Each structure stands twice: as C-alpha cells, then as structure tokens.
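Written out below as structure tokens is the structure these notes cover.
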Amino acid sequence: SPTVGMVSGSALLIDYVLTITISIASCADAVFSFLPPSWYQYRLLFAIFALTLLSIMNLRGVKESVSVLVPIFLTFVVTHVIVLGYAILSHVANFGEVSSAVVTDIRGAHSEIGYLGMLFVILRAYSMGAGTFTGIEAVSNGMPILREPRVETAKRTMRYMAISLSIVVAGLMLAYLFYSVEHQAGKTLNAVLFEKITTEWGGGSWANIFLLVTLVSEAVLLFAAAQAGFLDGPRILSSMAVDRWFPSKFQILSDRLVTQNGVLLMGGTALITLILTNGSVKFLVVLYSINVFITFVLSQLGMVRHWWMVRAKEILWKKKILINGVGLVLSGFILVTMTVLKFNEGGWITLLITGSLVVVAILIKRHYIKTTKMLKRLNELVISATDISESKNDETDKLPEFNPRAKTAIMLVNGFNGIGLHTLLNSIRLFGGVFKNFIFVQIGVIDAGNFKGAQELTHLETHVTKELDRYVKFIQRHGHFGAAVSAAGTDVVEETLKIAPDLLKKYPGAVFFGGQLVFPEESFLNRWLHNYIVFAIQRKFYHQGIPFVILPIRI
C-alpha cells in the first residue's frame with residue numbers, strides 16, 4: 001500500500017544517509033592507515049572535508065561527480081588483483097594446513113554451540129556485512145537513469161557486482177588466513193595485510209609506492225561508494241515529494257538538473273551524523289544494518305505478495321515466490337536479530353529516527369490532503385466556467401482582436417484551475433474593466449516527476465498548451481482578446497524573467513498578475529510546504545521596474 005511504501009521510503013532515506021556517512025568514515029580510516037599514528041586525531045576533520053567536497057560535486061551535477069572517479073576505480077581493480085593473486089598463489093602449498101585449521105575451528109565451535117548456534121553466528125556476520133548490498137540496492141533504485149535496455153543493463157550490472165564481490169571477499173578471507181592478519185589500532189585489516197605482503201617483496205621504495213597507491217585507490221573507492229547515497233537518496237526523496245509525503249520543493253530540479261534541496265538535505269544530515277558518531281564505523285554499521293533490512297523485508301514481502309496475486313497468469317510463480325520467500329525469511333530473521341542484539345548499542349536510535357520520519361511524513365500528507373479539500377471549492381469554479389464556455393457557439397462568435405489602445409493584463413497561471421480563474425476574475429472585478437487584453441503565461445516545470453526522457457517532456461509541453469488554450473477560449477467568449485505564452489524549465493522565476501522583456505516589448509504598459517493562496521491561519525508549516533513563487537517574481541520585477549500585482553485568494 002502507499003503507506004507501507006512510505007515506511008520503506010523513510011527507512012531507505014535514513015539508509016542512504018548512513019551509506020554516505022559509513023563510506024566517508026571508512027574512507028578516512030583507509031587514508032589514515034598509511035599515515036603516521038600521530039595524525040590519527042585529524043581523521044574526523046578529513047572525513048568532514050571529504051563529505052563537503054562530495055556534496056559540492058553533486059550540486060554541480062551527477063556526471064562530474066562520477067566520471068572523475070573512473071580511472072581511480074580501475075587502479076583499485078588492478079592493484080587488488082595483483083595483491084590477492086600474489087597472496088593466494090604464493091601460499092597454495094599452505095592451503096591444506098589452513099583448511100585443516102579451519103575445519104578444526106568449525107568442529108570446536110560445533111561442540112560448544114551446536115549447528116543452530118553456528119547458523120546464528122553466520123547470519124549475524126551476514127547482517128553485519130549489510131553494507132556490501134549497497135551497490136546492488138543502488139542499481140535497483142537507480143533504474144530510471146540506466147542506459148536502455150534498462151532491465152538488461154541492470155541485470156548485467158548486478159551480475160558483475162555479485163561476481164566481483166564474491167571474488168574479492170573470498171580472496172581477502174583466504175589472504176587473512178594465510179598471513180594471520182589481526183587487528184592493529186589505527187589501521188584497517190586490509191592495510192595490515194598489504195603491509196605484510198609488500199614486506200615479503202623486500203619493502204623497497206617501489207613496494208612502498210605500490211602500497212600507497214593500493215590504499216589510496218581503496219580510500220577513493222570508499223569515497224565513491226558514498227555517491228550511491230547522493231544519487232538515490234534525493235531521487236527517493238523527490239519520488240515521495242511527488243506523492244506529497246514530503247514537501248513538494250524536494251522534487252524541483254536545479255539548473256544543473258539535480259534535486260538541489262535533496263542533495264543539501266542528504267549531505268547536511270550525513271555531516272551531522274558523522275560528527276555525532278565521531279566517524280565510528282563500528283557504531284554506524286549497527287545503525288545501517290537495521291535500517292537497510294527494514295527496506296529489504298518490505299521489498300521481499302511486496303514481491304511475495306505480487307507473485308501470489310499473479311499466480312494465475314505467471315507459469316513460474318512458485319519458483320519466483322520461493323526465491324523472494326527465502327529472501328523474506330532471511331531478511332526478517334536478521335532484522336529481528338540485529339534489533340534485539342544491538343538495541344542497547346545504538347539500535348534504538350535508528351528505530352527512533354526512522355519512526356519519527358514516518359510520523360513527519362504522515363503529518364505532511366495530512367496537511368496536503370486538508371489543503372486539497374479546501375481547494376475543492378475553488379476548483380468548482382472550473383466546472384462552472386467550462387459549462388458557460390461550452391454553452392456558447394464558437395462558429396457564431398467573432399473572436400475579439402487585440403486593442404493596442406487598451407490595457408493589457410499578463411496573467412501568470414499554473415494550469416486551468418480555480419486559483420487561476422479566481423485571479424483572472426478578481427483582476428476584472430477590482431479594476432472595473434480597465435483591461436481588455438489578456439495574455440496567459442504558464443511555465444512547465446521540469447522536475448523529478450517528469451524528468452524521465454523526451455517523451456515525458458513532450459507530454460508536459462502538450463499539457464501546458466492545452467491548459468493555456470482553455471484560458472484563451474474562456475476570455476474570448478467573454479469579449480476580451482486572449483493569447484498564450486508558454487515555456488519550460490526547472491525554475492519558474494528564472495523562466496518568467498527570461499520571457500518578460502519580450503512580452504513588455506510586444507505589449508507596452510502591460511501589468512503582470514499572480515494569485516497567492518491565503519490560509520485561514522498563517523504558520524511556519526504553510527510557508528514550508530507551499531511555494532511562494534509569486535513573491536519571488538514580484539521582488540525580481542520590482543528591481544527592474546516592472547509592475548506586478550499579487551491578488552490574495554482565501555481558502
């Protein structure tokens with residue numbers, strides 16, 4: 001249901017904030033693994049700098065923030081293939097000895113805690129590694145921006161990620177066993193492993209350079225991993241804003257075609273989280289694991305329900321429901337286990353934050369529903385206006401022509417609705433028939449809801465044209481000259497400023513009009529959830545000496 005989807009979306013937003021925070025904190029850990037121990041105290045400052053830098057890159061646009069990281073990613077792949085290949089091939093002779101030690105450990109664990117206890121330990125370790133799912137999750141959530149054919153591209157990407165993840169993790173685990181890697185303060189396990197390997201190479205200058213390049217590429221890859229949160233977090237936020245679970249301003253695109261408000265919110269929240277947790281990856285993983293499995297549980301539950309509902313049409317529904325059913329059971333078990341075991345270690349924090357966000361979303365939705373009900377009376381005017389217009393015969397009426405000696409009113413509208421009609425009729429009523437020429441202007445807003453391809457933009461332009469045409473016909477049937485002007489862009493204010501000079505040149509002495517809703521009670525919530533674009537336009541026009549009249553519309 002939409003409400004369950006909202007809960008999943010809220011959990012996913014917190015998940016992406018934590019994705020950014022964990023990735024940046026891990027990046028800092030990797031960087032300071034090869035720096036002098038005395039520098040470790042500056043780790044948090046470095047993490048804050050890295051997070052700020054990534055936020056700025058995303059505000060400039062997605063392309064710039066991804067393309068610069070590709071060469072470093074390739075460096076990571078090459079260096080890690082060399083390291084892991086050497087670690088495994090040089091210790092093939094010790095494989096039997098290591099295997100025997102592992103078998104002995106397994107038998108010892110079985111005798112102490114049994115099969116169920118071992119299964120529990122494995123599942124707990126699995127849940128603590130939930131961060132490895134970020135990439136696959138990002139692919140599924142980022143379907144709208146994948147190259148066509150999107151489904152095949154997503155499948156191929158997930159396949160590559162799953163294979164590479166399995167190889168790297170298996171290689172690292174074997175290398176840890178071969179080199180008896182143990183935790184050292186101020187260093188990651190990978191840093192300890194790579195130092196031991198390069199020491200076997202003689203530890204010369206070239207070995208030290210290779211070690212530095214390997215760890216730096218690893219750090220930058222972790223830096224890039226935070227990009228998943230910046231890409232998909234604002235997209236989830238904008239989708240929920242389209243459905244009015246969050247303020248509509250979060251679906252607005254900037255001139256760089258990114259949801260600027262979403263990027264700022266994700267970056268700012270991640271920065272606060274980073275500071276409050278002191279960049280502790282161990283603590284952040286606890287928060288992350290609980291939240292990410294909330295979304296997994298709801299996603300798998302939704303798929304199980306889907307296959308059950310289409311079982312009459314889907315031949316392989318049993319196989320598919322089994323796959324998602326297993327995923328649901330595993331995800332549910334891990335979610336409950338992590339919540340219980342880690343509740344006092346910080347698990348309650350992520351549940352509280354997610355629950356609070358859900359409550360906020362519900363309150364915002366209720367406000368928009370209440371506003372819609374109040375606007376219903378205004379929109380009833382549209383029905384009346386349509387009935388009146390249709391009752392007149394276009395063929396017998398001569399269309400009014402432009403009168404250059406009469407005043408011209410330029411009406412800023414946003415669709416053929418009660419707000420626009422009230423603004424139009426009030427301008428006629430208040431100014432006693434001074435205006436005989438009416439020009440209707442509408443800016444088609446390109447936002448996250450329709451920025452999905454050329455076809456959607458064509459639909460937007462067609463819709464705007466039809467809405468303006470209804471205004472023109474309405475005013476013509478009332479004996480006044482009417483014309484329409486439209487434009488499309490991400491910013492209504494900027495687009496209006498662009499077309500204003502041409503309009504004033506064509507219609508000298510024209511006056512701009514705009515309507516603004518007036519709520520029964522003015523509050524911070526009203527100002528936050530509703531745009532006040534007409535005031536922004538009025539301020540811009542004021543500095544240019546252009547007259548702009550705002551007409552209040554009470555609801």
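Ordering of the structure tokens sets the chain letters (A, B, ...); residue numbers start at 1 within each chain; ligands are numbered from 1 in the order shown.
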Under the rule of at most 7 Å, produce a per-residue listing of segment 388-486 of chain A near segment 493-510 of chain A: chain, number, name, the closest pair of atoms, and the distance in Å, as JSON lines, using only C-alpha atoms.
{"residue": "A:Lys407", "atom": "CA", "partner": "A:Ala510", "partner_atom": "CA", "distance": 6.5}
{"residue": "A:Thr408", "atom": "CA", "partner": "A:Ala510", "partner_atom": "CA", "distance": 4.7}
{"residue": "A:Ala409", "atom": "CA", "partner": "A:Ala510", "partner_atom": "CA", "distance": 5.7}
{"residue": "A:Ile410", "atom": "CA", "partner": "A:Ala510", "partner_atom": "CA", "distance": 6.7}
Within 12 Å of segment 329-341 of chain A, which residues of segment 231-309 of chain A show up? Give each one with its shortest atom-to-atom distance in Å (one decimal) and the two atoms involved, counting only C-alpha atoms, rows by chain then rising residue number, as CSV.
residue,atom,partner,partner_atom,distance
A:Val285,CA,A:Met338,CA,10.8
A:Val286,CA,A:Met338,CA,7.8
A:Leu287,CA,A:Thr339,CA,9.5
A:Tyr288,CA,A:Met338,CA,10.4
A:Ser289,CA,A:Met338,CA,7.4
A:Ile290,CA,A:Leu335,CA,5.9
A:Asn291,CA,A:Leu335,CA,8.4
A:Val292,CA,A:Leu335,CA,8.8
A:Phe293,CA,A:Leu335,CA,5.6
A:Ile294,CA,A:Leu335,CA,6.8
A:Thr295,CA,A:Ser331,CA,9.3
A:Phe296,CA,A:Ser331,CA,6.3
A:Val297,CA,A:Ser331,CA,5.5
A:Leu298,CA,A:Gly332,CA,9.2
A:Ser299,CA,A:Ser331,CA,9.9
A:Gln300,CA,A:Ser331,CA,8.3
A:Leu301,CA,A:Val329,CA,9.4
A:Val304,CA,A:Val329,CA,11.0
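What separates atom CA of His306 of chain A from atom CA of Asn324 of chain A is a distance of 10.2 Å.
DSSP, applied to the backbone of this structure, assigns strand (DSSP E) to the following residues of segment 413-527 of chain A: Phe435, Lys436, Asn437, Phe438, Ile439, Phe440, Val441, Gln442, Ile443, Gly444, Val445, Phe481, Gly482, Ala483, Ala484, Val485, Ser486, Ala487, Ala488, Gly489, Val511, Phe512, Phe513, Gly514, Gly515, Gln516, Leu517 and Val518 of chain A.
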- Item | Who sits within 8 Å of Asp29 of chain A, only C-alpha atoms, same chain under 3 positions skipped, as a PyMOL selection string | chain A and resi 25-26+32-33+43+186-188
- Could you name the residues that touch Asn208 of chain A at 9 Å or less, counting only C-alpha atoms, but leaving out those on the same chain fewer than 3 positions away, as a list in words? Glu195, Thr198, Thr199, Gly203, Gly204, Ser205, Leu211, Leu212 and Val213 of chain A
- Record the distance separating atom CA of Ala207 of chain A and atom CA of Ala224 of chain A, expressed in Å with one decimal. 25.6 Å
- Message: So that I can check the surroundings of Met240 of chain A, please list as a VMD selection string every protein, DNA and RNA residue that reaches within 12 Å of it, counting only C-alpha atoms and ignoring chain neighbours fewer than 3 positions away.
- Response: chain A and resid 2 to 3 5 to 10 12 to 13 233 to 237 243 to 251 262 358 361 to 362 364 to 365 448 to 449
